[in-house]
>>> print(open('upload_7.tsv').read())   # TSV, C-alpha atoms
chain	number	residue	atom	x	y	z
A	1	MET	CA	0.00	0.00	0.00
A	2	ASP	CA	0.99	3.59	-0.54
A	3	ARG	CA	1.11	4.82	3.04
A	4	ALA	CA	0.44	8.39	1.99
A	5	THR	CA	-2.81	7.55	0.23
A	6	ASP	CA	-3.72	4.09	1.50
A	7	ARG	CA	-4.09	3.05	-2.11
A	8	PRO	CA	-2.57	-0.12	-3.56
A	9	MET	CA	0.41	0.65	-5.74
A	10	ASP	CA	1.02	-0.85	-9.12
A	11	GLY	CA	2.42	-4.30	-8.52
A	12	ILE	CA	4.22	-3.29	-5.35
A	13	VAL	CA	4.19	-5.42	-2.24
A	14	GLU	CA	4.45	-3.66	1.08
A	15	ASN	CA	8.03	-3.18	2.15
A	16	LYS	CA	9.64	-4.52	5.29
A	17	PRO	CA	10.21	-2.04	8.13
A	18	GLY	CA	13.25	0.07	7.45
A	19	GLN	CA	13.26	-0.70	3.73
A	20	ARG	CA	13.00	2.20	1.30
A	21	ARG	CA	9.60	2.50	-0.29
A	22	GLU	CA	9.13	1.73	-3.94
A	23	PRO	CA	8.79	4.84	-6.08
A	24	ALA	CA	5.19	5.71	-6.84
A	25	ALA	CA	3.99	4.50	-10.20
A	26	GLU	CA	2.54	7.07	-12.57
A	27	PRO	CA	-0.79	6.13	-14.08
A	28	LEU	CA	-1.57	4.75	-17.51
A	29	VAL	CA	-3.70	7.36	-19.27
A	30	ILE	CA	-5.94	6.44	-22.19
A	31	GLY	CA	-8.17	9.31	-23.29
A	32	GLU	CA	-9.78	10.62	-20.13
A	33	ARG	CA	-9.24	7.40	-18.18
A	34	ARG	CA	-6.43	6.76	-15.72
A	35	PHE	CA	-5.28	3.40	-14.41
A	36	ASP	CA	-2.74	2.34	-11.82
A	37	SER	CA	-2.06	-0.96	-13.59
A	38	ARG	CA	-0.36	-1.12	-16.97
A	39	LEU	CA	-1.31	-4.73	-17.55
A	40	LEU	CA	-4.47	-5.46	-19.54
A	41	VAL	CA	-5.70	-9.04	-19.54
A	42	GLY	CA	-8.20	-11.10	-21.45
A	43	THR	CA	-10.92	-13.33	-20.03
A	44	GLY	CA	-10.79	-16.11	-22.63
A	45	LYS	CA	-9.54	-19.70	-22.57
A	46	TYR	CA	-9.77	-20.33	-18.82
A	47	ALA	CA	-10.68	-23.84	-17.68
A	48	THR	CA	-13.25	-22.42	-15.25
A	49	TYR	CA	-14.73	-19.04	-14.40
A	50	GLU	CA	-13.41	-19.37	-10.84
A	51	LEU	CA	-9.87	-19.77	-12.14
A	52	MET	CA	-10.37	-16.72	-14.34
A	53	GLN	CA	-11.56	-14.70	-11.36
A	54	ASP	CA	-8.49	-15.63	-9.33
A	55	ALA	CA	-6.12	-14.93	-12.22
A	56	LEU	CA	-7.69	-11.55	-12.93
A	57	ASP	CA	-7.33	-10.68	-9.26
A	58	ALA	CA	-3.69	-11.80	-9.14
A	59	SER	CA	-2.83	-9.85	-12.29
A	60	GLY	CA	-3.75	-6.58	-10.60
A	61	SER	CA	-5.30	-5.51	-13.89
A	62	GLU	CA	-8.04	-2.93	-13.98
A	63	ILE	CA	-8.90	-3.39	-17.65
A	64	ILE	CA	-10.16	-6.72	-18.94
A	65	THR	CA	-11.11	-7.66	-22.46
A	66	VAL	CA	-14.19	-9.63	-23.46
A	67	ALA	CA	-15.70	-10.87	-26.71
A	68	VAL	CA	-19.20	-10.28	-28.11
A	69	ARG	CA	-20.95	-13.47	-29.16
A	70	ARG	CA	-24.39	-14.87	-29.92
A	71	GLU	CA	-26.58	-15.87	-26.99
A	72	ARG	CA	-27.28	-19.55	-26.65
A	73	LEU	CA	-31.03	-19.83	-27.15
A	74	VAL	CA	-31.68	-22.87	-25.04
A	75	ASN	CA	-33.26	-23.12	-21.63
A	76	GLU	CA	-30.18	-24.62	-20.00
A	77	ARG	CA	-28.08	-21.58	-20.60
A	78	GLY	CA	-25.61	-22.23	-17.85
A	79	GLU	CA	-23.37	-19.66	-16.29
A	80	SER	CA	-22.62	-16.30	-17.77
A	81	LEU	CA	-19.25	-14.56	-17.85
A	82	LEU	CA	-20.80	-11.47	-16.31
A	83	ASP	CA	-21.81	-13.48	-13.24
A	84	TYR	CA	-18.10	-13.80	-12.49
A	85	ILE	CA	-16.92	-10.28	-13.17
A	86	ASP	CA	-17.06	-7.46	-10.67
A	87	THR	CA	-18.23	-4.77	-13.04
A	88	ASP	CA	-17.50	-2.06	-10.48
A	89	ARG	CA	-13.88	-3.17	-10.15
A	90	TYR	CA	-12.98	-3.77	-13.78
A	91	THR	CA	-13.32	-1.58	-16.82
A	92	ILE	CA	-14.50	-3.93	-19.53
A	93	LEU	CA	-12.94	-3.54	-22.95
A	94	PRO	CA	-15.06	-5.35	-25.55
A	95	ASN	CA	-13.16	-6.66	-28.55
A	96	THR	CA	-14.08	-7.26	-32.17
A	97	ALA	CA	-12.21	-10.54	-32.34
A	98	GLY	CA	-13.39	-12.73	-35.18
A	99	CYS	CA	-14.25	-9.80	-37.47
A	100	PHE	CA	-12.74	-9.89	-40.95
A	101	SER	CA	-14.29	-6.68	-42.33
A	102	ALA	CA	-14.63	-3.11	-41.17
A	103	GLU	CA	-18.42	-3.44	-41.45
A	104	ASP	CA	-18.60	-6.40	-39.07
A	105	ALA	CA	-16.15	-4.82	-36.64
A	106	VAL	CA	-18.29	-1.67	-36.49
A	107	ARG	CA	-21.43	-3.76	-35.89
A	108	VAL	CA	-19.75	-5.71	-33.09
A	109	SER	CA	-18.40	-2.50	-31.53
A	110	ARG	CA	-21.92	-1.06	-31.38
A	111	LEU	CA	-23.28	-4.29	-29.86
A	112	GLY	CA	-20.55	-4.33	-27.21
A	113	ARG	CA	-21.25	-0.71	-26.31
A	114	GLU	CA	-24.95	-1.49	-26.02
A	115	ILE	CA	-24.34	-4.28	-23.48
A	116	LEU	CA	-21.90	-2.23	-21.43
A	117	GLU	CA	-24.35	0.66	-21.36
A	118	GLN	CA	-27.01	-1.73	-20.06
A	119	ILE	CA	-24.80	-2.84	-17.19
A	120	GLY	CA	-23.47	0.66	-16.60
A	121	ASN	CA	-19.81	-0.26	-17.01
A	122	ALA	CA	-17.15	2.38	-17.53
A	123	GLY	CA	-15.99	0.53	-20.64
A	124	ALA	CA	-19.02	1.59	-22.69
A	125	SER	CA	-17.84	3.69	-25.64
A	126	TRP	CA	-14.48	2.08	-25.99
A	127	VAL	CA	-13.46	-0.91	-28.02
A	128	LYS	CA	-10.47	-3.10	-28.70
A	129	LEU	CA	-10.62	-3.09	-32.46
A	130	GLU	CA	-9.44	-6.10	-34.41
A	131	VAL	CA	-10.08	-6.35	-38.13
A	132	LEU	CA	-8.42	-9.57	-39.12
A	133	GLY	CA	-7.07	-10.50	-42.51
A	134	ASP	CA	-6.55	-14.20	-42.15
A	135	LYS	CA	-7.80	-16.91	-39.80
A	136	LYS	CA	-4.52	-18.81	-39.69
A	137	THR	CA	-2.22	-15.97	-38.71
A	138	LEU	CA	-4.85	-13.64	-37.19
A	139	LEU	CA	-2.78	-10.80	-38.61
A	140	PRO	CA	-4.69	-7.55	-39.08
A	141	ASP	CA	-6.16	-6.30	-42.35
A	142	PRO	CA	-4.55	-2.84	-42.44
A	143	VAL	CA	-7.05	-1.29	-44.85
A	144	GLY	CA	-10.15	-2.62	-43.05
A	145	THR	CA	-8.63	-1.60	-39.72
A	146	ILE	CA	-8.20	2.03	-40.78
A	147	GLU	CA	-11.72	2.15	-42.27
A	148	ALA	CA	-13.19	0.86	-39.02
A	149	VAL	CA	-11.16	3.28	-36.87
A	150	GLU	CA	-12.46	6.23	-38.90
A	151	THR	CA	-16.09	5.12	-38.63
A	152	LEU	CA	-15.90	4.31	-34.93
A	153	ALA	CA	-14.01	7.47	-33.98
A	154	ASN	CA	-16.70	9.48	-35.81
A	155	GLU	CA	-19.32	7.69	-33.74
A	156	GLY	CA	-17.62	8.71	-30.52
A	157	PHE	CA	-15.85	5.47	-29.74
A	158	GLU	CA	-12.47	5.45	-28.08
A	159	VAL	CA	-10.68	2.90	-30.20
A	160	LEU	CA	-7.77	0.86	-28.85
A	161	CYS	CA	-6.53	-0.65	-32.05
A	162	TYR	CA	-4.75	-3.95	-32.57
A	163	THR	CA	-2.26	-3.76	-35.42
A	164	SER	CA	0.94	-5.35	-36.65
A	165	ASP	CA	4.31	-3.94	-35.57
A	166	ASP	CA	4.55	-1.91	-38.80
A	167	PRO	CA	5.20	1.71	-37.78
A	168	ILE	CA	3.58	3.18	-40.90
A	169	SER	CA	0.32	1.29	-40.31
A	170	ALA	CA	0.49	2.33	-36.68
A	171	LYS	CA	0.80	5.99	-37.68
A	172	ARG	CA	-2.12	5.72	-40.12
A	173	ILE	CA	-4.26	4.19	-37.38
A	174	LYS	CA	-3.40	7.00	-34.99
A	175	ASP	CA	-4.15	9.60	-37.66
A	176	ALA	CA	-7.49	7.90	-38.33
A	177	GLY	CA	-8.50	8.73	-34.76
A	178	ALA	CA	-7.50	5.79	-32.55
A	179	ALA	CA	-7.21	6.58	-28.82
A	180	ALA	CA	-4.39	4.04	-28.48
A	181	VAL	CA	-2.40	1.91	-30.90
A	182	MET	CA	-1.61	-1.66	-29.91
A	183	PRO	CA	1.09	-3.28	-32.04
A	184	ALA	CA	1.47	-7.03	-31.74
A	185	GLY	CA	4.71	-8.47	-30.37
A	186	SER	CA	4.05	-11.62	-32.40
A	187	PRO	CA	0.90	-13.41	-33.65
A	188	ILE	CA	-2.05	-13.66	-31.26
A	189	GLY	CA	-1.74	-16.60	-28.88
A	190	SER	CA	1.61	-17.67	-30.36
A	191	GLY	CA	3.67	-17.11	-27.22
A	192	GLN	CA	6.64	-15.99	-29.29
A	193	GLY	CA	7.14	-12.78	-27.35
A	194	VAL	CA	8.40	-9.57	-28.94
A	195	LEU	CA	9.82	-10.90	-32.20
A	196	ASN	CA	10.98	-7.60	-33.62
A	197	PRO	CA	11.83	-5.18	-30.83
A	198	ASN	CA	13.25	-2.73	-33.34
A	199	ASN	CA	9.85	-2.37	-34.98
A	200	ILE	CA	8.17	-1.83	-31.61
A	201	VAL	CA	10.72	0.94	-30.94
A	202	LEU	CA	9.96	2.45	-34.35
A	203	CYS	CA	6.23	2.30	-33.58
A	204	LEU	CA	6.85	4.04	-30.25
A	205	GLU	CA	9.03	6.73	-31.81
A	206	THR	CA	6.59	7.34	-34.65
A	207	LEU	CA	3.46	7.43	-32.50
A	208	LYS	CA	4.97	9.51	-29.70
A	209	ASP	CA	6.76	12.02	-31.93
A	210	GLY	CA	5.57	15.39	-30.61
A	211	ASP	CA	2.95	13.55	-28.57
A	212	PRO	CA	4.91	11.73	-25.84
A	213	ASP	CA	1.83	10.78	-23.81
A	214	TYR	CA	0.08	8.99	-26.67
A	215	PRO	CA	-0.63	5.47	-25.36
A	216	VAL	CA	1.02	2.54	-27.10
A	217	ILE	CA	0.25	-0.92	-25.77
A	218	VAL	CA	1.94	-4.12	-26.90
A	219	ASP	CA	-0.91	-6.51	-27.60
A	220	ALA	CA	-0.50	-10.17	-28.38
A	221	GLY	CA	2.28	-12.70	-28.55
A	222	VAL	CA	3.43	-12.71	-24.93
A	223	GLY	CA	4.44	-16.17	-23.76
A	224	ALA	CA	6.23	-15.58	-20.46
A	225	ALA	CA	6.73	-12.81	-17.95
A	226	SER	CA	10.08	-11.84	-19.48
A	227	ASP	CA	8.28	-11.00	-22.75
A	228	THR	CA	6.11	-8.52	-20.85
A	229	SER	CA	9.16	-6.94	-19.25
A	230	ILE	CA	10.87	-6.61	-22.62
A	231	ALA	CA	7.85	-4.84	-24.10
A	232	MET	CA	7.67	-2.47	-21.15
A	233	GLU	CA	11.43	-1.90	-21.18
A	234	LEU	CA	11.20	-0.78	-24.79
A	235	GLY	CA	8.91	2.02	-23.60
A	236	ALA	CA	5.44	0.62	-24.18
A	237	ASP	CA	2.79	2.17	-21.96
A	238	GLY	CA	1.18	-1.19	-21.28
A	239	VAL	CA	0.88	-4.80	-22.28
A	240	LEU	CA	-2.28	-6.72	-23.19
A	241	LEU	CA	-2.26	-10.50	-22.99
A	242	ASN	CA	-4.56	-13.45	-22.44
A	243	THR	CA	-3.26	-16.87	-23.43
A	244	ALA	CA	0.06	-16.62	-21.58
A	245	ILE	CA	-1.86	-16.53	-18.30
A	246	ALA	CA	-4.92	-18.60	-19.16
A	247	HIS	CA	-2.95	-21.51	-20.59
A	248	ALA	CA	-0.02	-21.47	-18.16
A	249	LYS	CA	0.22	-24.57	-15.99
A	250	ASP	CA	-0.61	-22.39	-13.02
A	251	PRO	CA	-2.55	-19.40	-14.36
A	252	VAL	CA	-2.82	-17.60	-11.02
A	253	LEU	CA	0.94	-17.81	-10.40
A	254	MET	CA	1.61	-16.62	-13.95
A	255	ALA	CA	-0.78	-13.72	-13.37
A	256	HIS	CA	1.32	-12.69	-10.37
A	257	ALA	CA	4.46	-12.99	-12.51
A	258	MET	CA	2.95	-10.84	-15.25
A	259	ARG	CA	2.01	-8.15	-12.75
A	260	HIS	CA	5.56	-7.99	-11.41
A	261	ALA	CA	7.04	-8.19	-14.92
A	262	THR	CA	4.97	-5.22	-16.02
A	263	THR	CA	6.15	-3.14	-13.10
A	264	ALA	CA	9.75	-4.32	-13.43
A	265	GLY	CA	9.82	-3.52	-17.14
A	266	ARG	CA	8.32	-0.08	-16.59
A	267	GLN	CA	10.76	0.77	-13.82
A	268	SER	CA	13.67	-0.52	-15.89
A	269	TYR	CA	12.59	1.67	-18.81
A	270	LEU	CA	12.25	4.74	-16.60
A	271	ALA	CA	15.54	4.02	-14.83
A	272	GLY	CA	17.40	3.96	-18.16
A	273	ARG	CA	19.45	0.96	-19.07
A	274	ILE	CA	23.24	0.99	-19.53
A	275	GLU	CA	24.67	0.87	-23.00
A	276	LYS	CA	25.72	-2.51	-24.30
A	277	LYS	CA	29.50	-2.86	-24.72
A	278	LEU	CA	31.63	-5.48	-26.38
A	279	TYR	CA	34.18	-5.74	-23.54
A	280	ALA	CA	33.82	-6.27	-19.86
A	281	THR	CA	33.93	-3.47	-17.30
A	282	ALA	CA	34.99	-4.63	-13.85
A	283	SER	CA	32.72	-3.71	-10.99
A	284	SER	CA	35.48	-4.20	-8.41
A	285	PRO	CA	38.51	-1.90	-8.58
A	286	PHE	CA	41.86	-3.28	-9.81
A	287	GLU	CA	43.61	-0.72	-7.63
A	288	GLY	CA	44.79	-2.41	-4.48
A	289	ALA	CA	44.36	-5.94	-5.84
A	290	ILE	CA	47.05	-8.24	-4.40
A	291	SER	CA	46.90	-10.59	-7.37
A	292	TYR	CA	49.03	-10.75	-10.50
A	293	ILE	CA	47.14	-9.06	-13.34
A	294	PRO	CA	48.08	-10.31	-16.83
A	295	GLY	CA	49.53	-7.59	-19.04
A	296	GLU	CA	50.45	-5.26	-16.17
B	1	MET	CA	-44.88	-15.80	-38.20
B	2	GLN	CA	-41.32	-16.88	-38.53
B	3	VAL	CA	-38.19	-14.84	-37.87
B	4	ILE	CA	-34.53	-15.86	-37.89
B	5	VAL	CA	-32.82	-15.55	-34.53
B	6	ASN	CA	-29.06	-16.11	-34.44
B	7	SER	CA	-29.40	-17.96	-37.77
B	8	GLU	CA	-32.12	-20.29	-36.41
B	9	PRO	CA	-35.77	-20.07	-37.57
B	10	MET	CA	-38.16	-19.28	-34.75
B	11	ASP	CA	-41.92	-18.87	-34.55
B	12	VAL	CA	-43.23	-15.77	-32.81
B	13	ALA	CA	-46.77	-14.46	-32.40
B	14	GLU	CA	-48.09	-12.00	-34.97
B	15	GLY	CA	-47.48	-8.46	-33.81
B	16	SER	CA	-44.55	-9.41	-31.58
B	17	CYS	CA	-41.99	-6.78	-30.79
B	18	LEU	CA	-38.31	-7.30	-30.07
B	19	ALA	CA	-38.92	-7.16	-26.31
B	20	ASP	CA	-41.46	-10.00	-26.67
B	21	LEU	CA	-38.93	-12.14	-28.52
B	22	ILE	CA	-36.23	-11.51	-25.89
B	23	GLU	CA	-38.72	-12.56	-23.22
B	24	GLN	CA	-39.73	-15.62	-25.26
B	25	VAL	CA	-36.16	-16.92	-25.42
B	26	GLY	CA	-35.70	-16.42	-21.70
B	27	LEU	CA	-33.39	-13.42	-21.84
B	28	GLY	CA	-35.70	-10.85	-20.31
B	29	GLY	CA	-33.78	-9.00	-17.64
B	30	SER	CA	-30.36	-10.18	-18.89
B	31	PRO	CA	-27.86	-7.85	-20.49
B	32	VAL	CA	-28.40	-8.56	-24.18
B	33	ALA	CA	-27.75	-6.50	-27.28
B	34	ALA	CA	-30.01	-6.90	-30.29
B	35	GLU	CA	-29.76	-6.26	-33.99
B	36	VAL	CA	-32.67	-6.46	-36.42
B	37	ASN	CA	-31.53	-6.86	-40.03
B	38	LYS	CA	-27.99	-5.77	-39.08
B	39	ALA	CA	-29.13	-2.55	-37.38
B	40	LEU	CA	-28.63	-2.19	-33.63
B	41	VAL	CA	-31.83	-1.61	-31.68
B	42	PRO	CA	-31.06	-0.05	-28.30
B	43	LYS	CA	-32.78	-1.52	-25.25
B	44	ARG	CA	-35.02	1.50	-24.77
B	45	SER	CA	-36.52	0.78	-28.22
B	46	HIS	CA	-37.04	-2.98	-27.83
B	47	GLY	CA	-40.71	-2.49	-26.91
B	48	ALA	CA	-41.41	-0.29	-29.91
B	49	CYS	CA	-39.58	-2.45	-32.45
B	50	GLU	CA	-42.24	-4.54	-34.20
B	51	LEU	CA	-40.98	-7.63	-35.91
B	52	ALA	CA	-41.90	-8.69	-39.43
B	53	GLU	CA	-41.89	-12.07	-41.17
B	54	GLY	CA	-38.37	-13.08	-42.10
B	55	ASP	CA	-36.59	-10.48	-39.97
B	56	ARG	CA	-33.05	-11.53	-39.16
B	57	ILE	CA	-32.30	-10.91	-35.51
B	58	GLU	CA	-29.03	-11.21	-33.61
B	59	LEU	CA	-29.05	-11.49	-29.82
B	60	VAL	CA	-25.57	-11.23	-28.34
B	61	THR	CA	-23.87	-11.13	-24.98
B	62	LEU	CA	-20.35	-10.94	-23.57
B	63	VAL	CA	-18.14	-14.02	-23.35
B	64	GLY	CA	-14.51	-14.62	-22.40
B	65	GLY	CA	-12.09	-13.22	-24.94
B	66	GLY	CA	-8.69	-11.67	-25.40
>>> encode(input="upload_7.tsv", output="structure tokens")
Amino acid sequence: MDRATDRPMDGIVENKPGQRREPAAEPLVIGERRFDSRLLVGTGKYATYELMQDALDASGSEIITVAVRRERLVNERGESLLDYIDTDRYTILPNTAGCFSAEDAVRVSRLGREILEQIGNAGASWVKLEVLGDKKTLLPDPVGTIEAVETLANEGFEVLCYTSDDPISAKRIKDAGAAAVMPAGSPIGSGQGVLNPNNIVLCLETLKDGDPDYPVIVDAGVGAASDTSIAMELGADGVLLNTAIAHAKDPVLMAHAMRHATTAGRQSYLAGRIEKKLYATASSPFEGAISYIPGE
Amino acid sequence: MQVIVNSEPMDVAEGSCLADLIEQVGLGGSPVAAEVNKALVPKRSHGACELAEGDRIELVTLVGGG
């Protein structure tokens, strides 16, 4: 807890007496919304809803993604996702997963907004936009994506837009009116991590040029906690993931790991890493060494 | 008359509105978004939205997703 405010800090456990406090974490800002956590997690692929609940809790996330799907029109409907989500605690970000055209993605965005308005969730009016080009790779259709961003932004949506790690596409999506751009580290659910960190850096530079607070979130591809840290260390404002937690052997433990990895990566980015060098630099002084030093 | 709900044919009483259909399938009171012929009908208009033979209706909810 932050002793000054009694508020939980981003991924920080309380320190032992006498230990220096962790530096306060600055919030993630998307449009008008502010969040303490920089980790966004999905709600799909869990073995049970109870496991999902525990993993969401352990992740410390405040933003969770959901999908919009047809109701099952049978009497034995079973349990509903919304029965297991504290809609006061989480901001729900509906996605357009499974849409392969701008038209369908716009329809699904409107349907998601309608449901969130009915339940009075803060996530109404925003959407995680995916316009996919191909079922096998789930890579985005760049043209359909930009069309959908334009339409949705004109309708007042705050669009958080999934895209590839191509910086030019990312810029076009921002220019079309997206509230946040979310380049993929690697294909959705692939667990390959950040395959091309240089492209993520180019996306960050391009999107934040003259607009340093513009939110850029690495979405998709994370396999392990280190992938999350790498994305954050590159300067991403957040990471969005689902499968890496839901399909881990112990999803709740992995959710803890992802929370810490997000914080560690962010702090490492802010702290500023050392430059990489070809040769070693001793941490202990040679001066005063009693040993024979070759070459001296 | 017959309408198509989530791609399945379904019989509804003549003069039914969208709210009647949602009640008929047991979703009254649940958070559900509805489209009639690909156009979203907001909840406040479900009672005024009269259905016609052959209308294609989508009833959707939120499920787990990434």
>>> atom_distance(input="upload_7.tsv", atom1="CA of Val108 (chain A)", atom2="CA of Leu56 (chain A)")
24.2 Å
>>> atom_distance(input="upload_7.tsv", atom1="CA of Gly54 (chain B)", atom2="CA of Ser30 (chain B)")
24.7 Å
>>> atom_distance(input="upload_7.tsv", atom1="CA of Met182 (chain A)", atom2="CA of Thr163 (chain A)")
5.9 Å
>>> interface_residues(input="upload_7.tsv", of="chain B", to="chain A", cutoff="6 Å", atoms="all atoms listed in the file", output="list in words")
Pro31, Val32, Ala33, Leu59, Val60, Thr61, Leu62, Val63, Gly64, Gly65 and Gly66 of chain B
>>> residues_around(input="upload_7.tsv", residues="region 6-15 of chain B", least_positions_apart="2", cutoff="8 Å", atoms="only C-alpha atoms", output="list in words")
Arg70 and Glu71 of chain A; Met1, Gln2, Val3, Ile4, Cys17, Leu21, Glu50, Leu51, Ala52, Arg56, Ile57, Glu58 and Leu59 of chain B
>>> decode(input="upload_7.tsv", residues="region 178-190 of chain A", atoms="N, CA and C atoms", output="mmCIF file, in the first residue's frame")
data_model
loop_
_atom_site.group_PDB
_atom_site.id
_atom_site.type_symbol
_atom_site.label_atom_id
_atom_site.label_comp_id
_atom_site.auth_asym_id
_atom_site.auth_seq_id
_atom_site.Cartn_x
_atom_site.Cartn_y
_atom_site.Cartn_z
ATOM 1 N N ALA A 178 -7.563 6.760 -33.644
ATOM 2 C CA ALA A 178 -7.504 5.788 -32.547
ATOM 3 C C ALA A 178 -7.023 6.465 -31.256
ATOM 4 N N ALA A 179 -7.600 6.047 -30.122
ATOM 5 C CA ALA A 179 -7.205 6.584 -28.817
ATOM 6 C C ALA A 179 -5.911 5.951 -28.335
ATOM 7 N N ALA A 180 -5.636 4.743 -28.812
ATOM 8 C CA ALA A 180 -4.389 4.040 -28.481
ATOM 9 C C ALA A 180 -4.090 3.072 -29.613
ATOM 10 N N VAL A 181 -2.812 2.897 -29.890
ATOM 11 C CA VAL A 181 -2.404 1.913 -30.900
ATOM 12 C C VAL A 181 -1.734 0.750 -30.164
ATOM 13 N N MET A 182 -2.090 -0.463 -30.613
ATOM 14 C CA MET A 182 -1.611 -1.656 -29.907
ATOM 15 C C MET A 182 -0.928 -2.618 -30.870
ATOM 16 N N PRO A 183 0.367 -2.379 -31.138
ATOM 17 C CA PRO A 183 1.090 -3.280 -32.036
ATOM 18 C C PRO A 183 1.318 -4.646 -31.395
ATOM 19 N N ALA A 184 1.272 -5.665 -32.215
ATOM 20 C CA ALA A 184 1.475 -7.031 -31.737
ATOM 21 C C ALA A 184 2.963 -7.320 -31.598
ATOM 22 N N GLY A 185 3.331 -8.004 -30.524
ATOM 23 C CA GLY A 185 4.708 -8.465 -30.370
ATOM 24 C C GLY A 185 4.992 -9.611 -31.327
ATOM 25 N N SER A 186 4.009 -10.484 -31.479
ATOM 26 C CA SER A 186 4.046 -11.623 -32.404
ATOM 27 C C SER A 186 2.587 -12.077 -32.558
ATOM 28 N N PRO A 187 2.310 -13.063 -33.421
ATOM 29 C CA PRO A 187 0.903 -13.410 -33.652
ATOM 30 C C PRO A 187 0.132 -13.766 -32.370
ATOM 31 N N ILE A 188 -1.143 -13.449 -32.394
ATOM 32 C CA ILE A 188 -2.052 -13.663 -31.258
ATOM 33 C C ILE A 188 -1.939 -15.109 -30.762
ATOM 34 N N GLY A 189 -1.745 -15.275 -29.482
ATOM 35 C CA GLY A 189 -1.742 -16.602 -28.878
ATOM 36 C C GLY A 189 -0.532 -17.441 -29.215
ATOM 37 N N SER A 190 0.469 -16.858 -29.895
ATOM 38 C CA SER A 190 1.606 -17.666 -30.359
ATOM 39 C C SER A 190 2.659 -17.855 -29.269
#
